[in-house]
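Peer 1: Contents of model_8.txt (compact mmCIF, C-alpha atoms):
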# COMPACT_ATOMS: atom_id res chain seq x y z
CA MET A 1 -220.75 -64.42 9.34
CA SER A 2 -223.42 -62.63 11.33
CA GLU A 3 -224.43 -59.09 10.48
CA MET A 4 -222.89 -57.80 13.70
CA SER A 5 -219.42 -59.17 13.01
CA SER A 6 -219.33 -58.12 9.36
CA ASN A 7 -220.24 -54.66 10.65
CA ILE A 8 -217.25 -54.71 13.01
CA ILE A 9 -214.96 -55.70 10.14
CA LEU A 10 -216.26 -52.74 8.10
CA VAL A 11 -215.72 -50.38 11.05
CA ILE A 12 -212.12 -51.60 11.37
CA LEU A 13 -211.48 -51.25 7.62
CA VAL A 14 -212.94 -47.73 7.51
CA THR A 15 -210.87 -46.73 10.57
CA SER A 16 -207.63 -48.07 9.14
CA PHE A 17 -208.27 -46.48 5.75
CA ALA A 18 -208.96 -43.08 7.37
CA THR A 19 -205.71 -43.47 9.33
CA TYR A 20 -203.52 -44.68 6.46
CA LEU A 21 -204.74 -41.83 4.24
CA SER A 22 -202.82 -39.14 6.16
CA ARG A 23 -199.68 -41.28 6.28
CA PHE A 24 -199.92 -42.03 2.54
CA LEU A 25 -200.47 -38.38 1.56
CA GLY A 26 -197.54 -37.46 3.80
CA VAL A 27 -195.23 -39.76 1.80
CA VAL A 28 -196.56 -38.36 -1.50
CA SER A 29 -195.77 -34.80 -0.31
CA SER A 30 -192.38 -35.84 1.05
CA GLU A 31 -191.15 -36.85 -2.41
CA LYS A 32 -190.91 -33.16 -3.32
CA ILE A 33 -189.62 -31.78 -0.02
CA LYS A 34 -185.89 -31.51 0.71
CA GLU A 35 -184.81 -31.89 4.33
CA THR A 36 -182.89 -28.61 4.07
CA SER A 37 -185.88 -26.60 2.80
CA LYS A 38 -187.87 -24.02 4.73
CA ILE A 39 -191.09 -25.91 4.22
CA PHE A 40 -189.54 -28.98 5.84
CA LYS A 41 -188.54 -26.88 8.86
CA TRP A 42 -192.04 -25.45 9.07
CA PHE A 43 -193.65 -28.91 8.95
CA ASN A 44 -191.17 -30.07 11.56
CA CYS A 45 -192.35 -27.31 13.92
CA ILE A 46 -196.00 -28.14 13.23
CA ALA A 47 -195.42 -31.86 13.83
CA TYR A 48 -193.89 -31.20 17.26
CA SER A 49 -196.63 -28.67 18.12
CA VAL A 50 -199.43 -31.00 17.09
CA LEU A 51 -197.94 -33.75 19.25
CA ALA A 52 -197.55 -31.39 22.21
CA ALA A 53 -201.14 -30.25 21.72
CA LEU A 54 -202.37 -33.86 21.58
CA ILE A 55 -200.49 -34.87 24.73
CA ALA A 56 -201.55 -31.75 26.64
CA ARG A 57 -205.13 -32.47 25.67
CA MET A 58 -204.86 -36.07 26.90
CA VAL A 59 -203.83 -34.71 30.31
CA VAL A 60 -206.07 -31.64 30.59
CA PHE A 61 -209.22 -32.89 28.84
CA PRO A 62 -208.90 -36.68 28.88
CA ALA A 63 -211.34 -39.18 27.42
CA GLY A 64 -212.25 -42.48 29.05
CA GLU A 65 -211.03 -43.73 32.43
CA LEU A 66 -208.57 -40.90 32.98
CA ALA A 67 -211.45 -38.40 33.18
CA GLU A 68 -212.35 -39.91 36.55
CA SER A 69 -209.23 -38.50 38.19
CA GLY A 70 -208.80 -34.87 39.26
CA ILE A 71 -207.00 -32.49 36.88
CA PHE A 72 -204.58 -31.24 39.54
CA ILE A 73 -203.70 -34.80 40.46
CA ARG A 74 -202.97 -35.55 36.78
CA LEU A 75 -200.88 -32.41 36.33
CA PHE A 76 -198.95 -33.19 39.51
CA VAL A 77 -198.24 -36.77 38.39
CA VAL A 78 -196.99 -35.60 34.96
CA ALA A 79 -194.79 -32.88 36.52
CA ALA A 80 -193.36 -35.31 39.10
CA SER A 81 -192.60 -37.82 36.32
CA VAL A 82 -190.76 -35.23 34.22
CA VAL A 83 -188.64 -34.22 37.22
CA MET A 84 -187.84 -37.89 37.84
CA PHE A 85 -186.97 -38.31 34.15
CA LEU A 86 -184.56 -35.36 34.23
CA PHE A 87 -182.87 -36.48 37.46
CA ASN A 88 -182.42 -40.09 36.35
CA LYS A 89 -180.30 -39.54 33.22
CA LYS A 90 -183.43 -39.54 31.09
CA ASN A 91 -184.43 -43.07 32.05
CA LEU A 92 -188.01 -43.61 30.89
CA VAL A 93 -188.84 -46.76 32.84
CA TYR A 94 -188.98 -45.22 36.35
CA PRO A 95 -191.24 -42.27 35.52
CA THR A 96 -193.70 -44.35 33.48
CA VAL A 97 -194.05 -47.13 36.03
CA LEU A 98 -194.24 -44.77 39.00
CA SER A 99 -196.75 -42.48 37.31
CA ALA A 100 -199.30 -45.30 37.12
CA ILE A 101 -198.86 -46.22 40.78
CA LEU A 102 -198.81 -42.58 41.94
CA LEU A 103 -201.98 -41.71 40.05
CA ALA A 104 -203.89 -44.74 41.32
CA LEU A 105 -202.82 -43.97 44.92
CA LEU A 106 -203.55 -40.22 44.83
CA ASN A 107 -206.85 -40.82 43.13
CA ASN A 108 -207.97 -43.13 45.92
CA TYR A 109 -206.59 -41.42 48.99
CA LEU A 110 -206.84 -37.72 48.23
CA MET B 1 -184.00 -56.24 0.03
CA ILE B 2 -184.02 -55.01 3.61
CA ASN B 3 -180.60 -54.74 5.22
CA SER B 4 -180.93 -56.94 8.30
CA LYS B 5 -178.14 -55.21 10.23
CA TYR B 6 -179.99 -51.89 10.23
CA PHE B 7 -183.38 -53.54 10.59
CA PHE B 8 -182.34 -55.24 13.83
CA GLN B 9 -180.55 -52.13 15.06
CA GLY B 10 -183.94 -50.39 14.77
CA PHE B 11 -185.93 -53.34 16.09
CA LYS B 12 -183.80 -53.37 19.25
CA SER B 13 -185.10 -49.90 20.17
CA ILE B 14 -187.90 -51.68 22.04
CA LYS B 15 -185.31 -52.95 24.52
CA GLY B 16 -183.37 -50.81 26.99
CA LEU B 17 -184.04 -47.99 29.39
CA ASP B 18 -185.58 -45.59 26.92
CA SER B 19 -187.78 -48.29 25.44
CA PRO B 20 -191.28 -47.33 24.38
CA ALA B 21 -192.43 -50.90 25.12
CA LEU B 22 -193.86 -50.12 28.56
CA ALA B 23 -195.83 -47.08 27.44
CA LEU B 24 -197.05 -48.67 24.24
CA GLY B 25 -197.83 -51.86 26.12
CA ALA B 26 -199.86 -50.04 28.76
CA SER B 27 -201.97 -48.18 26.23
CA PHE B 28 -202.63 -51.13 23.94
CA ILE B 29 -203.49 -53.35 26.93
CA ALA B 30 -206.13 -50.70 27.67
CA ILE B 31 -207.27 -50.80 24.02
CA GLY B 32 -207.50 -54.60 24.07
CA ALA B 33 -209.66 -54.47 27.20
CA LEU B 34 -211.80 -51.68 25.73
CA LEU B 35 -212.40 -53.54 22.46
CA LYS B 36 -213.45 -56.64 24.36
CA ASN B 37 -215.87 -54.60 26.46
CA ILE B 38 -217.56 -53.09 23.41
CA GLY B 39 -218.10 -56.52 21.85
CA PHE B 40 -215.15 -57.19 19.55
CA ASN B 41 -213.79 -60.75 19.53
CA LEU B 42 -210.08 -61.52 19.84
CA GLU B 43 -209.44 -61.79 16.08
CA GLN B 44 -211.20 -58.49 15.43
CA SER B 45 -209.21 -56.75 18.18
CA ILE B 46 -205.91 -58.02 16.76
CA PHE B 47 -207.02 -57.07 13.24
CA SER B 48 -207.84 -53.55 14.47
CA THR B 49 -204.41 -52.85 16.00
CA PHE B 50 -202.68 -54.63 13.10
CA LEU B 51 -204.34 -52.39 10.51
CA THR B 52 -204.75 -49.08 12.35
CA TYR B 53 -201.87 -48.82 14.84
CA ALA B 54 -202.73 -45.33 16.04
CA LEU B 55 -204.08 -44.98 19.53
CA PRO B 56 -206.37 -41.92 19.31
CA GLY B 57 -207.91 -43.34 16.11
CA SER B 58 -208.75 -46.63 17.82
CA LEU B 59 -210.31 -44.78 20.76
CA VAL B 60 -212.47 -42.71 18.42
CA MET B 61 -213.46 -45.85 16.55
CA ALA B 62 -214.53 -47.53 19.80
CA GLU B 63 -216.55 -44.49 20.94
CA SER B 64 -218.24 -44.07 17.56
CA TYR B 65 -219.04 -47.77 17.25
CA LEU B 66 -220.56 -47.77 20.72
CA ILE B 67 -222.99 -44.96 19.92
CA GLY B 68 -223.86 -46.61 16.59
CA ALA B 69 -222.34 -43.93 14.32
CA SER B 70 -222.55 -44.47 10.56
CA LEU B 71 -219.47 -45.60 8.61
CA ILE B 72 -219.16 -42.15 7.03
CA ASN B 73 -219.19 -40.51 10.45
CA ILE B 74 -216.62 -42.98 11.75
CA PHE B 75 -214.44 -42.26 8.73
CA LEU B 76 -214.61 -38.49 9.27
CA ALA B 77 -214.04 -38.66 13.02
CA VAL B 78 -211.03 -40.96 12.68
CA TRP B 79 -209.60 -39.03 9.74
CA LEU B 80 -209.86 -35.80 11.73
CA VAL B 81 -208.18 -37.15 14.85
CA ASN B 82 -205.41 -38.82 12.82
CA THR B 83 -204.70 -35.89 10.49
CA ARG B 84 -201.74 -35.11 12.76
CA LEU B 85 -200.05 -38.07 11.04
CA TYR B 86 -199.75 -35.95 7.88
CA PRO B 87 -197.34 -33.29 9.25
CA MET B 88 -195.56 -36.05 11.19
CA THR B 89 -194.96 -37.99 7.95
CA VAL B 90 -193.80 -34.89 6.08
CA ALA B 91 -191.42 -34.09 8.94
CA LEU B 92 -189.93 -37.59 8.86
CA MET B 93 -189.85 -39.11 5.36
CA PRO B 94 -187.54 -36.54 3.69
CA LEU B 95 -184.91 -37.63 6.21
CA LEU B 96 -185.22 -41.24 5.02
CA LEU B 97 -185.60 -40.80 1.27
CA HIS B 98 -182.73 -42.19 -0.76
CA LYS B 99 -182.68 -42.71 -4.50
CA THR B 100 -181.25 -46.22 -4.28
CA GLN B 101 -184.16 -47.43 -2.13
CA PRO B 102 -187.39 -48.72 -3.71
CA ARG B 103 -190.52 -46.63 -3.24
CA TRP B 104 -192.68 -49.44 -1.86
CA LYS B 105 -190.64 -49.41 1.34
CA TYR B 106 -191.79 -45.84 2.01
CA TYR B 107 -195.43 -46.44 1.16
CA LEU B 108 -195.59 -49.58 3.32
CA SER B 109 -193.54 -48.38 6.27
CA CYS B 110 -195.48 -45.12 6.64
CA HIS B 111 -198.01 -47.39 8.39
CA PHE B 112 -195.61 -47.40 11.37
CA ILE B 113 -195.84 -43.63 11.82
CA ALA B 114 -197.23 -43.18 15.31
CA VAL B 115 -196.01 -41.02 18.16
CA SER B 116 -193.60 -43.46 19.81
CA ALA B 117 -191.85 -44.78 16.69
CA TRP B 118 -191.70 -41.27 15.26
CA LEU B 119 -190.06 -39.77 18.36
CA ILE B 120 -187.48 -42.59 18.48
CA MET B 121 -186.62 -42.12 14.80
CA LYS B 122 -186.39 -38.34 15.15
CA GLY B 123 -184.02 -38.80 18.08
CA ASN B 124 -181.76 -41.35 16.36
CA TYR B 125 -181.75 -40.84 12.59
CA GLN B 126 -178.44 -38.99 12.60
CA SER B 127 -176.65 -42.08 13.88
CA VAL B 128 -177.46 -43.97 10.65
CA GLU B 129 -176.25 -43.17 7.11
CA LYS B 130 -179.03 -41.81 4.94
CA LYS B 131 -178.98 -44.79 2.59
CA HIS B 132 -179.82 -47.21 5.42
CA ARG B 133 -182.25 -45.06 7.38
CA ILE B 134 -185.35 -46.59 5.81
CA ASP B 135 -184.30 -50.11 6.89
CA PHE B 136 -183.53 -48.81 10.38
CA TRP B 137 -186.98 -47.19 10.41
CA ILE B 138 -188.69 -50.41 9.26
CA GLY B 139 -186.95 -52.12 12.20
CA ILE B 140 -188.22 -49.54 14.72
CA GLY B 141 -191.69 -49.70 13.20
CA THR B 142 -191.88 -53.50 13.22
CA GLY B 143 -190.69 -53.58 16.83
CA THR B 144 -193.16 -51.03 18.18
CA TRP B 145 -196.01 -52.40 16.07
CA SER B 146 -195.37 -55.94 17.42
CA VAL B 147 -195.47 -54.64 20.99
CA ALA B 148 -198.82 -52.98 20.23
CA ILE B 149 -200.32 -56.17 18.75
CA VAL B 150 -199.10 -58.44 21.57
CA SER B 151 -200.38 -55.92 24.16
CA THR B 152 -203.79 -55.81 22.51
CA ILE B 153 -204.00 -59.59 22.94
CA ILE B 154 -202.90 -59.37 26.60
CA GLY B 155 -205.43 -56.60 27.29
CA PHE B 156 -208.23 -58.54 25.64
CA LEU B 157 -207.48 -61.69 27.64
CA ALA B 158 -206.86 -59.86 30.93
CA SER B 159 -209.82 -57.47 30.71
CA ASP B 160 -211.82 -59.28 33.40
CA TYR B 161 -208.97 -58.84 35.87
CA LEU B 162 -208.37 -55.14 35.24
CA ASN B 163 -210.15 -53.02 37.83
CA LYS B 164 -210.85 -49.29 37.59
CA ASP B 165 -207.67 -48.25 39.45
CA MET B 166 -205.54 -50.31 37.10
CA MET B 167 -207.24 -48.84 34.04
CA ILE B 168 -206.68 -45.28 35.31
CA GLY B 169 -203.04 -46.15 36.04
CA LEU B 170 -202.59 -47.61 32.54
CA ALA B 171 -204.15 -44.52 30.97
CA ILE B 172 -201.63 -42.06 32.48
CA VAL B 173 -198.56 -44.04 31.36
CA ASN B 174 -198.89 -42.99 27.73
CA PRO B 175 -199.11 -39.20 28.22
CA VAL B 176 -196.30 -39.39 30.80
CA TYR B 177 -194.06 -41.33 28.42
CA PHE B 178 -194.78 -38.91 25.57
CA THR B 179 -194.23 -35.85 27.78
CA CYS B 180 -190.82 -37.18 28.87
CA MET B 181 -189.88 -38.01 25.24
CA MET B 182 -190.88 -34.48 24.19
CA VAL B 183 -188.85 -32.92 27.01
CA GLY B 184 -185.92 -35.05 25.84
CA ALA B 185 -186.40 -33.76 22.28
CA MET B 186 -186.13 -30.10 23.32
CA LYS B 187 -182.77 -29.21 21.79
CA SER B 188 -183.28 -26.10 19.65
CA LEU B 189 -185.18 -22.84 20.08
CA GLN B 190 -187.63 -23.69 17.30
CA ILE B 191 -188.45 -27.13 18.68
CA ASN B 192 -188.65 -25.88 22.28
CA LEU B 193 -191.08 -23.15 21.28
CA SER B 194 -193.11 -25.54 19.11
CA ILE B 195 -193.54 -27.93 22.03
CA ILE B 196 -194.27 -25.32 24.71
CA LEU B 197 -196.69 -23.28 22.55
CA GLY B 198 -198.40 -26.47 21.31
CA ALA B 199 -198.95 -27.65 24.88
CA ILE B 200 -200.57 -24.30 25.74
CA LEU B 201 -202.55 -23.60 22.55
CA GLY B 202 -203.85 -27.18 22.10
CA PRO B 203 -205.92 -27.16 25.31
CA ALA B 204 -206.72 -23.43 24.81
CA PHE B 205 -208.40 -24.10 21.44
CA PHE B 206 -210.45 -26.83 23.14
CA PHE B 207 -212.73 -24.07 24.44
CA ILE B 208 -213.40 -22.91 20.86
CA SER B 209 -213.63 -26.27 19.09
CA PRO B 210 -212.98 -29.59 20.86
CA GLU B 211 -212.72 -31.57 17.58
CA TRP B 212 -210.35 -29.19 15.84
CA SER B 213 -208.37 -28.04 18.90
CA ILE B 214 -205.32 -30.21 18.24
CA LEU B 215 -205.00 -29.16 14.60
CA TYR B 216 -205.74 -25.48 15.20
CA GLY B 217 -203.55 -25.33 18.29
CA GLY B 218 -200.74 -27.34 16.65
CA ALA B 219 -200.74 -25.46 13.34
CA SER B 220 -200.77 -22.01 14.96
CA ALA B 221 -198.17 -22.91 17.61
CA GLY B 222 -195.86 -24.51 15.02
CA THR B 223 -196.16 -21.54 12.67
CA ILE B 224 -195.41 -19.00 15.42
CA ALA B 225 -192.42 -21.07 16.59
CA TYR B 226 -191.14 -21.38 13.01
CA PHE B 227 -191.22 -17.64 12.37
CA ILE B 228 -189.68 -16.72 15.73
CA GLY B 229 -186.89 -19.24 15.08
CA GLU B 230 -186.26 -18.04 11.52
CA PHE B 231 -186.24 -14.31 12.12
CA LYS B 232 -184.72 -14.06 15.54
Go ahead and express the file in the form of structure tokens.
Peer 2:
Amino acid sequence: MSEMSSNIILVILVTSFATYLSRFLGVVSSEKIKETSKIFKWFNCIAYSVLAALIARMVVFPAGELAESGIFIRLFVVAASVVMFLFNKKNLVYPTVLSAILLALLNNYL
Amino acid sequence: MINSKYFFQGFKSIKGLDSPALALGASFIAIGALLKNIGFNLEQSIFSTFLTYALPGSLVMAESYLIGASLINIFLAVWLVNTRLYPMTVALMPLLLHKTQPRWKYYLSCHFIAVSAWLIMKGNYQSVEKKHRIDFWIGIGTGTWSVAIVSTIIGFLASDYLNKDMMIGLAIVNPVYFTCMMVGAMKSLQINLSIILGAILGPAFFFISPEWSILYGGASAGTIAYFIGEFK
């Protein structure tokens, strides 16, 4: 094995360990938390907020390819997709497929 | 050991009109292409999704590897971005714990905790008796994880054919899917407030600290929403 590829393996192992750690500690904590407790409710709120914060950040301050599109175009595409989702009995296929096409089109022709 | 009826009931969540398969597929195709472009081979790319299975973590890994960051720095950066998995696990596992079920199931299946599987489980756990929820969860997790691995392979192999427009299109699918799932999850005052405040405070904290914005924004938004909901 070359030095380069053993390095990649180490990078992958370190990444997966850093990721599993939070999941593992979460299970350890869960053993003592009842689903009817206040602390469970509080964690539930934080979990939803953290996800909302993560998703909002992906749209407002994206990393990678998405950063090459305009912010108002991205916000428009997300808003249009949510409207489509709500008016199509919460079908997730239409909004996801159309969002990709809409963004690519607006990004090129606007 | 694992009740196959509930396992397959969970596994089937990747089919149907609210399936996460498209969104997960789109983002892991992008990951597969990205890993190829930074010099991973196919086995390494598969190994990465197999072991990590958390999108933001894989992106941070790719960025850090590209700039030649040390292993310690990679560890810290990934740990930080994936710390959100801790409150997510604590908000899920108590719903699945049952004294008749062996502990190893919980410690192994927590690997499947990622946004899509988590949102599906949170939306459906009440339809399954508590005793069988862990097997149902293992089914959901195995299904979504398989989609991620297969998509990584597709992305790796197709990377030469993916142009910039297609990559930008793929990148929006994931946030759109998650936004719709979150809107669908808005069913109580506490959750509604958590989601709306999180979406505002997350980007707001970005101006103070980009690295910590999600945790700061999420923890403060969730705490405010909790107290408003409790004492209203």
Peer 1: May I ask for the distance between CA of Phe87 (chain A) and CA of Ile172 (chain B), given in Å to one decimal place?
Peer 2: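 Computing it gives 20.2 Å between the two atoms.
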Peer 1: If I put a ball of radius 12 Å at (-201.5, -37.2, -0.6) in the file's coordinates, which residues poke into it when counting all atoms listed in the file, written as number ranges by chain?
Peer 2: A: 20-32; B: 83, 85-87, 89-90, 107
Peer 1: Please determine, counting only C-alpha atoms, which residue among B:Leu71, B:Ala158, B:Leu24, B:Ala117 has the shortest atom-to-atom distance to chain A.
Peer 2: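 Closest candidate: B:Leu71.
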Peer 1: Using only C-alpha atoms, determine which residues of chain A fall within 7 Å of chain B; present them as a CSV table (one decimal) with C-alpha atoms, in the coordinates of the input.
Peer 2:
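Saved as selection_19.csv:
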chain,number,residue,atom,x,y,z
A,11,VAL,CA,-215.7,-50.4,11.0
A,12,ILE,CA,-212.1,-51.6,11.4
A,14,VAL,CA,-212.9,-47.7,7.5
A,15,THR,CA,-210.9,-46.7,10.6
A,16,SER,CA,-207.6,-48.1,9.1
A,18,ALA,CA,-209.0,-43.1,7.4
A,19,THR,CA,-205.7,-43.5,9.3
A,20,TYR,CA,-203.5,-44.7,6.5
A,22,SER,CA,-202.8,-39.1,6.2
A,23,ARG,CA,-199.7,-41.3,6.3
A,24,PHE,CA,-199.9,-42.0,2.5
A,25,LEU,CA,-200.5,-38.4,1.6
A,26,GLY,CA,-197.5,-37.5,3.8
A,27,VAL,CA,-195.2,-39.8,1.8
A,29,SER,CA,-195.8,-34.8,-0.3
A,30,SER,CA,-192.4,-35.8,1.0
A,33,ILE,CA,-189.6,-31.8,0.0
A,34,LYS,CA,-185.9,-31.5,0.7
A,35,GLU,CA,-184.8,-31.9,4.3
A,40,PHE,CA,-189.5,-29.0,5.8
A,42,TRP,CA,-192.0,-25.4,9.1
A,43,PHE,CA,-193.6,-28.9,9.0
A,44,ASN,CA,-191.2,-30.1,11.6
A,45,CYS,CA,-192.4,-27.3,13.9
A,46,ILE,CA,-196.0,-28.1,13.2
A,47,ALA,CA,-195.4,-31.9,13.8
A,48,TYR,CA,-193.9,-31.2,17.3
A,49,SER,CA,-196.6,-28.7,18.1
A,50,VAL,CA,-199.4,-31.0,17.1
A,52,ALA,CA,-197.6,-31.4,22.2
A,53,ALA,CA,-201.1,-30.2,21.7
A,54,LEU,CA,-202.4,-33.9,21.6
A,55,ILE,CA,-200.5,-34.9,24.7
A,56,ALA,CA,-201.6,-31.8,26.6
A,57,ARG,CA,-205.1,-32.5,25.7
A,58,MET,CA,-204.9,-36.1,26.9
A,59,VAL,CA,-203.8,-34.7,30.3
A,60,VAL,CA,-206.1,-31.6,30.6
A,65,GLU,CA,-211.0,-43.7,32.4
A,66,LEU,CA,-208.6,-40.9,33.0
A,78,VAL,CA,-197.0,-35.6,35.0
A,81,SER,CA,-192.6,-37.8,36.3
A,82,VAL,CA,-190.8,-35.2,34.2
A,85,PHE,CA,-187.0,-38.3,34.2
A,91,ASN,CA,-184.4,-43.1,32.0
A,92,LEU,CA,-188.0,-43.6,30.9
A,93,VAL,CA,-188.8,-46.8,32.8
A,96,THR,CA,-193.7,-44.4,33.5
A,99,SER,CA,-196.8,-42.5,37.3
A,100,ALA,CA,-199.3,-45.3,37.1
A,101,ILE,CA,-198.9,-46.2,40.8
A,103,LEU,CA,-202.0,-41.7,40.0
A,104,ALA,CA,-203.9,-44.7,41.3
Peer 1: Could you tell me how far CA of Asn3 (chain B) lies from CA of Asp135 (chain B), in Å and to one decimal?
Peer 2: 6.2 Å
Peer 1: What is the CA of Leu110 (chain A)-CA of Gly70 (chain A) distance in Å, reported with one decimal?
Peer 2: 9.6 Å
Peer 1: Please determine, counting all atoms listed in the file, which residue among B:Ile134, B:Ser4, B:Ile153, B:Gly68 has the shortest atom-to-atom distance to Thr100 (chain B).
Peer 2: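 So, comparing all the options, the nearest one is B:Ile134.
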Peer 1: Taking the point (-215.7, -60.1, 13.1) as given in the file, collect each protein or nucleic acid residue that comes within 9 Å of it, counting only C-alpha atoms, and present the set as a ChimeraX atom specification.
Peer 2: /A:1-2,4-10 /B:40-45
